[in-house]
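Visitor: I'm passing along work20.cif; it holds mmCIF, C-alpha atoms.
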data_final
loop_
_atom_site.group_PDB
_atom_site.id
_atom_site.type_symbol
_atom_site.label_atom_id
_atom_site.label_comp_id
_atom_site.auth_asym_id
_atom_site.auth_seq_id
_atom_site.Cartn_x
_atom_site.Cartn_y
_atom_site.Cartn_z
ATOM 1 C CA MET G 979 14.702 -5.459 -10.868
ATOM 2 C CA ALA G 980 14.245 -3.437 -13.984
ATOM 3 C CA ASN G 981 10.811 -1.999 -14.469
ATOM 4 C CA ASN G 982 9.949 -2.100 -18.161
ATOM 5 C CA GLN G 983 6.874 -2.702 -20.240
ATOM 6 C CA ASN G 984 7.880 -6.244 -21.161
ATOM 7 C CA GLU G 985 8.505 -7.354 -17.605
ATOM 8 C CA ASP G 986 6.356 -10.118 -16.181
ATOM 9 C CA ARG G 987 3.877 -8.555 -13.780
ATOM 10 C CA SER G 988 3.764 -11.641 -11.574
ATOM 11 C CA ILE G 989 4.807 -10.974 -7.981
ATOM 12 C CA TYR G 990 6.336 -14.449 -7.926
ATOM 13 C CA VAL G 991 8.762 -13.461 -10.671
ATOM 14 C CA ASN G 992 9.618 -10.078 -9.202
ATOM 15 C CA PHE G 993 9.817 -10.910 -5.488
ATOM 16 C CA ASP G 994 13.361 -11.523 -4.281
ATOM 17 C CA PRO G 995 13.687 -12.315 -0.543
ATOM 18 C CA SER G 996 17.264 -11.014 -0.539
ATOM 19 C CA ALA G 997 16.461 -7.735 -2.296
ATOM 20 C CA PRO G 998 16.927 -4.439 -0.420
ATOM 21 C CA GLU G 999 13.273 -3.479 -0.732
ATOM 22 C CA VAL G 1000 12.223 -6.598 1.162
ATOM 23 C CA THR G 1001 14.588 -5.633 3.975
ATOM 24 C CA GLU G 1002 13.041 -2.176 4.025
ATOM 25 C CA PHE G 1003 9.511 -3.559 4.224
ATOM 26 C CA ARG G 1004 10.543 -5.855 7.046
ATOM 27 C CA ARG G 1005 11.673 -2.739 8.907
ATOM 28 C CA ILE G 1006 8.464 -0.918 8.030
ATOM 29 C CA PHE G 1007 6.396 -3.871 9.215
ATOM 30 C CA THR G 1008 8.320 -3.952 12.490
ATOM 31 C CA ARG G 1009 7.523 -0.283 13.082
ATOM 32 C CA VAL G 1010 3.860 -0.776 12.272
ATOM 33 C CA ALA G 1011 3.698 -3.902 14.451
ATOM 34 C CA ARG G 1012 5.210 -2.015 17.372
ATOM 35 C CA ARG G 1013 2.544 0.661 17.029
ATOM 36 C CA ALA G 1014 -0.129 -1.995 16.502
ATOM 37 C CA GLN G 1015 0.459 -3.314 20.001
ATOM 38 C CA GLU G 1016 -0.895 -0.049 21.359
ATOM 39 C CA GLU G 1017 -3.534 0.783 18.741
ATOM 40 C CA LYS G 1018 -4.634 -2.735 17.700
ATOM 41 C CA LEU G 1019 -3.908 -2.144 14.023
ATOM 42 C CA ARG G 1020 -5.129 -5.144 12.038
ATOM 43 C CA THR G 1021 -6.481 -3.587 8.848
ATOM 44 C CA ILE G 1022 -3.908 -1.473 7.001
ATOM 45 C CA LEU G 1023 -4.817 0.445 3.844
ATOM 46 C CA PHE G 1024 -2.262 1.568 1.257
ATOM 47 C CA THR G 1025 -3.121 4.490 -0.991
ATOM 48 C CA SER G 1026 -1.411 7.308 -2.877
ATOM 49 C CA SER G 1027 -2.149 10.766 -4.226
ATOM 50 C CA GLU G 1028 -2.201 9.759 -7.874
ATOM 51 C CA GLN G 1029 -1.740 6.701 -10.041
ATOM 52 C CA GLY G 1030 1.722 5.193 -10.521
ATOM 53 C CA GLU G 1031 3.291 5.950 -7.133
ATOM 54 C CA GLY G 1032 3.801 2.348 -5.994
ATOM 55 C CA LYS G 1033 0.854 1.645 -3.690
ATOM 56 C CA THR G 1034 0.043 -1.794 -5.144
ATOM 57 C CA THR G 1035 3.620 -3.033 -4.949
ATOM 58 C CA SER G 1036 3.947 -1.600 -1.431
ATOM 59 C CA ALA G 1037 0.751 -3.298 -0.233
ATOM 60 C CA SER G 1038 1.832 -6.596 -1.810
ATOM 61 C CA LEU G 1039 5.296 -6.553 -0.231
ATOM 62 C CA PHE G 1040 3.848 -5.616 3.152
ATOM 63 C CA ALA G 1041 1.421 -8.549 2.962
ATOM 64 C CA ILE G 1042 4.138 -11.001 1.920
ATOM 65 C CA VAL G 1043 6.386 -9.873 4.763
ATOM 66 C CA ALA G 1044 3.519 -10.324 7.230
ATOM 67 C CA CYS G 1045 2.878 -13.931 6.213
ATOM 68 C CA GLN G 1046 6.401 -15.048 5.312
ATOM 69 C CA TYR G 1047 8.495 -13.517 8.069
ATOM 70 C CA HIS G 1048 5.962 -13.249 10.873
ATOM 71 C CA GLY G 1049 3.727 -16.247 10.193
ATOM 72 C CA LEU G 1050 0.552 -14.184 10.378
ATOM 73 C CA ARG G 1051 -2.663 -15.235 8.680
ATOM 74 C CA THR G 1052 -2.809 -12.483 6.085
ATOM 75 C CA CYS G 1053 -5.374 -11.345 3.543
ATOM 76 C CA LEU G 1054 -4.467 -8.984 0.697
ATOM 77 C CA VAL G 1055 -7.577 -7.148 -0.503
ATOM 78 C CA ASP G 1056 -7.778 -5.426 -3.884
ATOM 79 C CA ALA G 1057 -10.154 -2.562 -3.149
ATOM 80 C CA ASP G 1058 -9.174 -0.640 -6.284
ATOM 81 C CA LEU G 1059 -12.351 -1.417 -8.187
ATOM 82 C CA HIS G 1060 -11.365 1.025 -10.938
ATOM 83 C CA ARG G 1061 -7.917 -0.317 -11.886
ATOM 84 C CA PRO G 1062 -7.416 -3.636 -10.075
ATOM 85 C CA ARG G 1063 -4.001 -5.305 -10.378
ATOM 86 C CA ILE G 1064 -3.663 -7.702 -7.460
ATOM 87 C CA GLY G 1065 -5.240 -10.622 -9.321
ATOM 88 C CA GLU G 1066 -2.804 -10.235 -12.187
ATOM 89 C CA MET G 1067 0.188 -9.911 -9.891
ATOM 90 C CA PHE G 1068 -0.711 -13.018 -7.884
ATOM 91 C CA GLU G 1069 -1.951 -14.987 -10.902
ATOM 92 C CA VAL G 1070 -5.494 -15.554 -9.656
ATOM 93 C CA PRO G 1071 -8.849 -14.873 -11.365
ATOM 94 C CA ARG G 1072 -10.325 -11.440 -10.825
ATOM 95 C CA GLU G 1073 -13.844 -12.785 -10.314
ATOM 96 C CA PRO G 1074 -15.539 -13.322 -7.970
ATOM 97 C CA GLY G 1075 -14.171 -10.843 -5.487
ATOM 98 C CA LEU G 1076 -14.868 -7.788 -3.355
ATOM 99 C CA ALA G 1077 -17.454 -6.367 -5.751
ATOM 100 C CA GLU G 1078 -19.545 -9.533 -5.496
ATOM 101 C CA ILE G 1079 -19.280 -9.533 -1.695
ATOM 102 C CA LEU G 1080 -20.441 -5.928 -1.509
ATOM 103 C CA LYS G 1081 -23.367 -6.751 -3.794
ATOM 104 C CA ASP G 1082 -24.303 -9.608 -1.436
ATOM 105 C CA ASN G 1083 -23.839 -12.158 -4.204
ATOM 106 C CA TYR G 1084 -21.003 -14.141 -2.601
ATOM 107 C CA SER G 1085 -19.622 -14.916 0.823
ATOM 108 C CA ILE G 1086 -16.047 -14.086 1.776
ATOM 109 C CA GLU G 1087 -15.159 -17.752 2.113
ATOM 110 C CA THR G 1088 -16.131 -18.497 -1.502
ATOM 111 C CA THR G 1089 -14.207 -15.548 -2.946
ATOM 112 C CA LEU G 1090 -10.866 -15.943 -1.142
ATOM 113 C CA LYS G 1091 -8.122 -17.258 -3.408
ATOM 114 C CA PRO G 1092 -4.899 -19.026 -2.405
ATOM 115 C CA SER G 1093 -1.446 -17.690 -3.145
ATOM 116 C CA ARG G 1094 1.875 -19.497 -3.349
ATOM 117 C CA TYR G 1095 2.769 -18.108 0.062
ATOM 118 C CA GLU G 1096 1.671 -19.974 3.133
ATOM 119 C CA ASN G 1097 -0.842 -18.030 5.227
ATOM 120 C CA LEU G 1098 -1.551 -15.478 2.466
ATOM 121 C CA LYS G 1099 -4.997 -15.345 0.846
ATOM 122 C CA ILE G 1100 -6.068 -12.977 -1.916
ATOM 123 C CA LEU G 1101 -9.380 -11.158 -2.141
ATOM 124 C CA THR G 1102 -9.491 -9.744 -5.661
ATOM 125 C CA ALA G 1103 -11.552 -6.774 -6.834
ATOM 126 C CA GLY G 1104 -14.192 -8.857 -8.583
ATOM 127 C CA GLY G 1105 -16.154 -8.077 -11.705
ATOM 128 C CA LYS G 1106 -16.403 -4.697 -13.377
ATOM 129 C CA HIS G 1107 -19.127 -2.330 -12.254
ATOM 130 C CA PRO G 1108 -20.255 0.807 -14.140
ATOM 131 C CA PHE G 1109 -20.086 2.873 -10.951
ATOM 132 C CA PRO G 1110 -17.598 1.165 -8.564
ATOM 133 C CA SER G 1111 -17.832 3.855 -5.896
ATOM 134 C CA GLU G 1112 -21.527 3.067 -5.407
ATOM 135 C CA LEU G 1113 -20.587 -0.349 -4.020
ATOM 136 C CA LEU G 1114 -18.668 1.138 -1.092
ATOM 137 C CA LEU G 1115 -21.536 1.494 1.348
ATOM 138 C CA PRO G 1116 -20.291 1.978 4.933
ATOM 139 C CA ASP G 1117 -22.472 -0.726 6.467
ATOM 140 C CA ARG G 1118 -21.408 -3.347 3.929
ATOM 141 C CA LEU G 1119 -17.757 -2.374 4.238
ATOM 142 C CA ALA G 1120 -17.943 -2.593 8.021
ATOM 143 C CA THR G 1121 -19.539 -6.035 7.797
ATOM 144 C CA THR G 1122 -16.939 -7.241 5.293
ATOM 145 C CA PHE G 1123 -13.935 -6.085 7.309
ATOM 146 C CA GLY G 1124 -15.498 -7.400 10.474
ATOM 147 C CA LYS G 1125 -15.751 -10.882 8.962
ATOM 148 C CA LEU G 1126 -12.210 -10.683 7.588
ATOM 149 C CA LYS G 1127 -10.928 -9.938 11.097
ATOM 150 C CA LEU G 1128 -12.460 -13.194 12.268
ATOM 151 C CA LEU G 1129 -10.491 -15.110 9.644
ATOM 152 C CA PHE G 1130 -7.147 -13.299 9.549
ATOM 153 C CA ASP G 1131 -4.557 -11.677 11.797
ATOM 154 C CA VAL G 1132 -3.710 -8.935 9.293
ATOM 155 C CA ILE G 1133 -5.731 -7.478 6.414
ATOM 156 C CA VAL G 1134 -3.802 -5.386 3.883
ATOM 157 C CA VAL G 1135 -5.891 -3.246 1.521
ATOM 158 C CA ASP G 1136 -4.757 -1.853 -1.831
ATOM 159 C CA ALA G 1137 -6.995 1.172 -2.427
ATOM 160 C CA PRO G 1138 -7.331 3.634 -5.336
ATOM 161 C CA PRO G 1139 -5.438 6.937 -5.440
ATOM 162 C CA LEU G 1140 -7.014 9.699 -3.375
ATOM 163 C CA LEU G 1141 -7.259 12.544 -5.871
ATOM 164 C CA PRO G 1142 -9.014 10.912 -8.872
ATOM 165 C CA VAL G 1143 -11.812 9.199 -6.892
ATOM 166 C CA SER G 1144 -13.355 9.298 -3.421
ATOM 167 C CA ASP G 1145 -13.100 5.535 -2.750
ATOM 168 C CA SER G 1146 -10.030 5.634 -0.498
ATOM 169 C CA ALA G 1147 -11.512 8.354 1.682
ATOM 170 C CA VAL G 1148 -14.557 6.115 2.225
ATOM 171 C CA LEU G 1149 -12.491 2.962 2.741
ATOM 172 C CA SER G 1150 -10.103 4.683 5.148
ATOM 173 C CA ARG G 1151 -12.891 5.154 7.679
ATOM 174 C CA GLU G 1152 -13.377 1.384 7.884
ATOM 175 C CA VAL G 1153 -9.743 0.378 8.522
ATOM 176 C CA ASP G 1154 -7.438 0.737 11.509
ATOM 177 C CA GLY G 1155 -4.604 2.564 9.774
ATOM 178 C CA VAL G 1156 -3.618 4.186 6.474
ATOM 179 C CA VAL G 1157 -0.225 4.320 4.779
ATOM 180 C CA LEU G 1158 0.283 7.017 2.137
ATOM 181 C CA VAL G 1159 2.693 6.128 -0.671
ATOM 182 C CA VAL G 1160 4.490 8.950 -2.495
ATOM 183 C CA ARG G 1161 7.066 8.801 -5.260
ATOM 184 C CA ALA G 1162 10.245 10.832 -4.887
ATOM 185 C CA GLY G 1163 11.015 12.955 -7.907
ATOM 186 C CA ARG G 1164 7.432 12.722 -9.133
ATOM 187 C CA THR G 1165 4.886 13.447 -6.415
ATOM 188 C CA GLN G 1166 4.625 17.205 -5.929
ATOM 189 C CA LYS G 1167 4.605 18.490 -2.370
ATOM 190 C CA ASP G 1168 1.262 20.272 -2.728
ATOM 191 C CA VAL G 1169 -0.289 17.113 -4.182
ATOM 192 C CA ALA G 1170 0.930 14.983 -1.263
ATOM 193 C CA VAL G 1171 -0.268 17.592 1.234
ATOM 194 C CA ARG G 1172 -3.680 17.682 -0.424
ATOM 195 C CA ALA G 1173 -3.936 13.881 -0.221
ATOM 196 C CA LYS G 1174 -3.005 13.959 3.462
ATOM 197 C CA ARG G 1175 -5.628 16.623 4.140
ATOM 198 C CA ILE G 1176 -8.296 14.516 2.437
ATOM 199 C CA LEU G 1177 -7.487 11.698 4.843
ATOM 200 C CA ASP G 1178 -7.449 14.060 7.811
ATOM 201 C CA ASP G 1179 -10.794 15.546 6.846
ATOM 202 C CA VAL G 1180 -12.517 12.169 7.052
ATOM 203 C CA GLY G 1181 -10.802 11.235 10.303
ATOM 204 C CA SER G 1182 -8.422 8.622 8.899
ATOM 205 C CA ASN G 1183 -5.678 7.240 11.103
ATOM 206 C CA VAL G 1184 -2.620 7.969 8.946
ATOM 207 C CA ILE G 1185 0.133 5.885 10.526
ATOM 208 C CA GLY G 1186 2.926 6.670 8.102
ATOM 209 C CA VAL G 1187 4.307 7.496 4.675
ATOM 210 C CA VAL G 1188 6.294 5.298 2.310
ATOM 211 C CA VAL G 1189 8.529 7.294 -0.024
ATOM 212 C CA ASN G 1190 9.116 5.318 -3.188
ATOM 213 C CA ASN G 1191 11.718 6.259 -5.788
ATOM 214 C CA MET G 1192 12.066 4.203 -8.952
ATOM 215 C CA GLU G 1193 13.844 6.634 -11.261
ATOM 216 C CA ASP G 1194 17.311 7.098 -9.780
ATOM 217 C CA VAL G 1195 16.466 10.294 -7.936
ATOM 218 C CA LEU G 1196 19.132 9.395 -5.382
ATOM 219 C CA PRO G 1197 21.490 7.045 -7.259
ATOM 220 C CA TYR G 1198 24.544 8.011 -5.233
ATOM 221 C CA TYR G 1199 23.258 6.412 -2.028
ATOM 222 C CA TYR G 1200 24.000 2.663 -1.824
ATOM 223 C CA GLY G 1201 23.636 2.420 -5.583
ATOM 224 C CA HIS G 1202 19.920 1.574 -5.421
ATOM 225 C CA SER G 1203 17.042 3.333 -7.147
ATOM 226 C CA TYR G 1204 14.161 2.614 -4.791
ATOM 227 C CA TYR G 1205 13.808 4.467 -1.510
ATOM 228 C CA GLN G 1206 11.332 3.748 1.203
ATOM 229 C CA ASP G 1207 10.864 5.194 4.633
ATOM 230 C CA SER G 1208 8.125 5.101 7.222
ATOM 231 C CA TYR G 1209 7.334 7.557 9.961
ATOM 232 C CA HIS G 1210 4.531 7.956 12.438
ATOM 233 C CA ALA G 1211 2.246 10.775 11.317
ATOM 234 C CA GLU G 1212 1.130 12.789 14.288
ATOM 235 C CA GLU G 1213 -1.780 15.202 14.256
ATOM 236 C CA GLY G 1214 -0.913 18.242 12.149
ATOM 237 C CA ASP G 1215 2.015 16.576 10.375
ATOM 238 C CA GLU G 1216 2.381 16.895 6.640
ATOM 239 C CA PRO G 1217 4.084 14.388 4.335
ATOM 240 C CA LYS G 1218 7.780 14.902 3.928
ATOM 241 C CA ARG G 1219 8.753 17.104 1.022
ATOM 242 C CA PRO G 1220 10.078 15.429 -2.150
ATOM 243 C CA ARG G 1221 13.451 13.799 -1.650
ATOM 244 C CA SER G 1222 14.878 15.738 -4.562
ATOM 245 C CA GLU G 1223 14.422 18.900 -2.463
ATOM 246 C CA GLN G 1224 15.926 17.266 0.617
ATOM 247 C CA THR G 1225 18.880 16.044 -1.443
ATOM 248 C CA LYS G 1226 19.546 19.594 -2.588
ATOM 249 C CA GLY G 1227 19.513 20.702 1.026
ATOM 250 C CA ARG G 1228 22.164 18.135 1.962
ATOM 251 C CA ARG G 1229 24.424 19.025 -0.934
ATOM 252 C CA ASP G 1230 24.070 22.733 -0.192
ATOM 253 C CA GLY G 1231 24.849 22.135 3.461
ATOM 254 C CA GLY G 1232 21.283 22.695 4.600
ATOM 255 C CA SER G 1233 20.384 21.986 8.198
ATOM 256 C CA ASP G 1234 17.227 19.988 7.441
ATOM 257 C CA SER G 1235 18.953 16.883 6.137
ATOM 258 C CA PRO G 1236 16.932 13.744 6.893
ATOM 259 C CA ARG G 1237 18.347 10.792 8.710
ATOM 260 C CA PRO G 1238 20.003 8.473 6.129
ATOM 261 C CA THR G 1239 17.930 5.405 5.331
ATOM 262 C CA PRO G 1240 18.828 2.673 2.812
ATOM 263 C CA ARG G 1241 17.413 3.122 -0.668
ATOM 264 C CA THR G 1242 16.359 -0.070 -2.360
ATOM 265 C CA ARG G 1243 15.286 -0.994 -5.856
ATOM 266 C CA ALA G 1244 11.748 -1.681 -7.022
ATOM 267 C CA ALA G 1245 10.175 -5.126 -7.001
ATOM 268 C CA GLY G 1246 7.742 -5.177 -9.873
ATOM 269 C CA SER G 1247 5.828 -2.339 -11.413
ATOM 270 C CA SER G 1248 4.257 0.304 -9.242
ATOM 271 C CA GLY G 1249 0.565 0.625 -8.567
#
Using structure tokens, write down the structure from this file.

Guide:
Amino acid sequence: MANNQNEDRSIYVNFDPSAPEVTEFRRIFTRVARRAQEEKLRTILFTSSEQGEGKTTSASLFAIVACQYHGLRTCLVDADLHRPRIGEMFEVPREPGLAEILKDNYSIETTLKPSRYENLKILTAGGKHPFPSELLLPDRLATTFGKLKLLFDVIVVDAPPLLPVSDSAVLSREVDGVVLVVRAGRTQKDVAVRAKRILDDVGSNVIGVVVNNMEDVLPYYYGHSYYQDSYHAEEGDEPKRPRSEQTKGRRDGGSDSPRPTPRTRAAGSSG
């Protein structure tokens, strides 16, 4: 689906069950689910180094796959209190939401909003706050996620980018696993490495990386312009280098060519 300024931001308009990116996220979910059996991963946070790398779309697709294809009771949480987009994408009111829960003004049950997908509930960001990061107190976050685990099988969290604000570093300590989203042809290697180190420094459980390409960085492969991959990040690993560099290595006959994985096109605008 073309990604232009006039495009409807609704996930219902942009989601195509037969699209390649949905197939890729089904594969990604299968990998995460396999690892979840050993590590009991129920709360998964999606973040990125900087804005515009696709974290919101990735979190949304992951949540839809969880409820649609696996029948899991799923909650999609918009924890980006600075630039929330989940409410707009799923056509639900922004308020009340997470901000009100963290301020002890509302219960989780009264803030959850239905979606058009069976078994998927939305917890929006809530009202604007002059200092959003001040709401992310560890004890309140732990209580909130603890209650969500009583209500849902899977909780998917869309968090802010790591470099502009500290929110994701704080949130990552309260979830079971973190997925880092990077954008091929845009995210610089040193930026991705810095983001990964921020997560490592706070003891986050980084379970993988999604490489997202929306600008025809690799148009020759399957004719699609959106690439996603997931790998298990072991201790000491760094995010894969930009695909543009890896592509050069393949064309030059380099020995570090990655294993071919289908590239798919974007579903909606990136987060």

Visitor: One decimal, in Å: what's the spacing between atom CA of Leu1114 of chain G and atom CA of Lys1081 of chain G?

Guide: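 Atom CA of Lys1081 of chain G lies 9.6 Å from atom CA of Leu1114 of chain G.
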
Visitor: Need the shell around Leu1059 of chain G: protein/DNA/RNA residues with any atom at most 12 Å away, counting all atoms listed in the file. Skip same-chain ones fewer than 3 positions apart. Format as a short mmCIF file (atom, residue, chain, number, x, y, z; two decimals) with C-alpha atoms, in the coordinates of the input?

Guide:
data_model
loop_
_atom_site.label_atom_id
_atom_site.label_comp_id
_atom_site.auth_asym_id
_atom_site.auth_seq_id
_atom_site.Cartn_x
_atom_site.Cartn_y
_atom_site.Cartn_z
CA VAL G 1055 -7.58 -7.15 -0.50
CA ASP G 1056 -7.78 -5.43 -3.88
CA PRO G 1062 -7.42 -3.64 -10.07
CA ARG G 1063 -4.00 -5.30 -10.38
CA ILE G 1064 -3.66 -7.70 -7.46
CA GLY G 1065 -5.24 -10.62 -9.32
CA ARG G 1072 -10.32 -11.44 -10.82
CA GLU G 1073 -13.84 -12.78 -10.31
CA GLY G 1075 -14.17 -10.84 -5.49
CA LEU G 1076 -14.87 -7.79 -3.36
CA ALA G 1077 -17.45 -6.37 -5.75
CA GLU G 1078 -19.55 -9.53 -5.50
CA LEU G 1080 -20.44 -5.93 -1.51
CA LEU G 1101 -9.38 -11.16 -2.14
CA THR G 1102 -9.49 -9.74 -5.66
CA ALA G 1103 -11.55 -6.77 -6.83
CA GLY G 1104 -14.19 -8.86 -8.58
CA GLY G 1105 -16.15 -8.08 -11.70
CA LYS G 1106 -16.40 -4.70 -13.38
CA HIS G 1107 -19.13 -2.33 -12.25
CA PRO G 1108 -20.26 0.81 -14.14
CA PHE G 1109 -20.09 2.87 -10.95
CA PRO G 1110 -17.60 1.16 -8.56
CA SER G 1111 -17.83 3.86 -5.90
CA GLU G 1112 -21.53 3.07 -5.41
CA LEU G 1113 -20.59 -0.35 -4.02
CA LEU G 1114 -18.67 1.14 -1.09
CA VAL G 1135 -5.89 -3.25 1.52
CA ASP G 1136 -4.76 -1.85 -1.83
CA ALA G 1137 -7.00 1.17 -2.43
CA PRO G 1138 -7.33 3.63 -5.34
CA PRO G 1139 -5.44 6.94 -5.44
CA VAL G 1143 -11.81 9.20 -6.89
CA SER G 1144 -13.36 9.30 -3.42
CA ASP G 1145 -13.10 5.54 -2.75
CA SER G 1146 -10.03 5.63 -0.50
CA LEU G 1149 -12.49 2.96 2.74
#

Visitor: Find the residues around segment 1156-1165 of chain G up to 6 Å (all atoms listed in the file counted), leave out those fewer than 3 positions away in its own chain, and share them as a ChimeraX atom specification.

Guide: /G:1022-1026,1031,1033,1183-1191,1220-1222

Visitor: Evaluate the PyMOL selection byres ((chain G and resi 1089) around 6) and record the selected residues as a count of residues only, following the chain and residue labels used in the document.

Guide: 6

Visitor: Between G:Ala1041, G:Ala1011, G:Leu1128, G:Ile1100, which has the minimum distance to Val1070 of chain G (counting only C-alpha atoms)?

Guide: G:Ile1100

Visitor: Name the residues captured by the PyMOL selection byres ((chain G and resi 1047) around 12) when it is applied to the shown file; answer as a VMD selection string.

Guide: chain G and resid 995 1000 to 1001 1003 to 1005 1007 to 1008 1039 to 1046 1048 to 1052 1095 to 1098

Visitor: Have a look at atom CA of Asn992 of chain G and atom CA of Asp1131 of chain G and let me know their distance in Å, one decimal.

Guide: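 Distance reported for this atom pair: 25.4 Å.
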
Visitor: Suppose you want the space between atom CA of Phe1130 of chain G and atom CA of Lys1099 of chain G; what is it in Å?

Guide: 9.2 Å

Visitor: In terms of the shortest atom-to-atom distance over all atoms listed in the file, which of G:Asn1083, G:Glu1069, G:Thr1021, G:Ser1093 is closest to Ser1150 of chain G?

Guide: G:Thr1021

Visitor: Which one is closest to Ser1038 of chain G: G:Cys1053, G:Leu1140, G:Ala1170, G:Val1153? Count all atoms listed in the file.

Guide: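 The answer is G:Cys1053, which sits nearest to Ser1038 of chain G.
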
Visitor: Edge lengths and centre, in Å to one decimal, as JSON: that's what I need for the box along x, y and z that holds all listed atoms of segment 1042-1051 of chain G plus 3 Å on each side.

Guide:
{"center_x": 2.9, "center_y": -13.1, "center_z": 6.4, "size_x": 17.2, "size_y": 12.4, "size_z": 15.0}
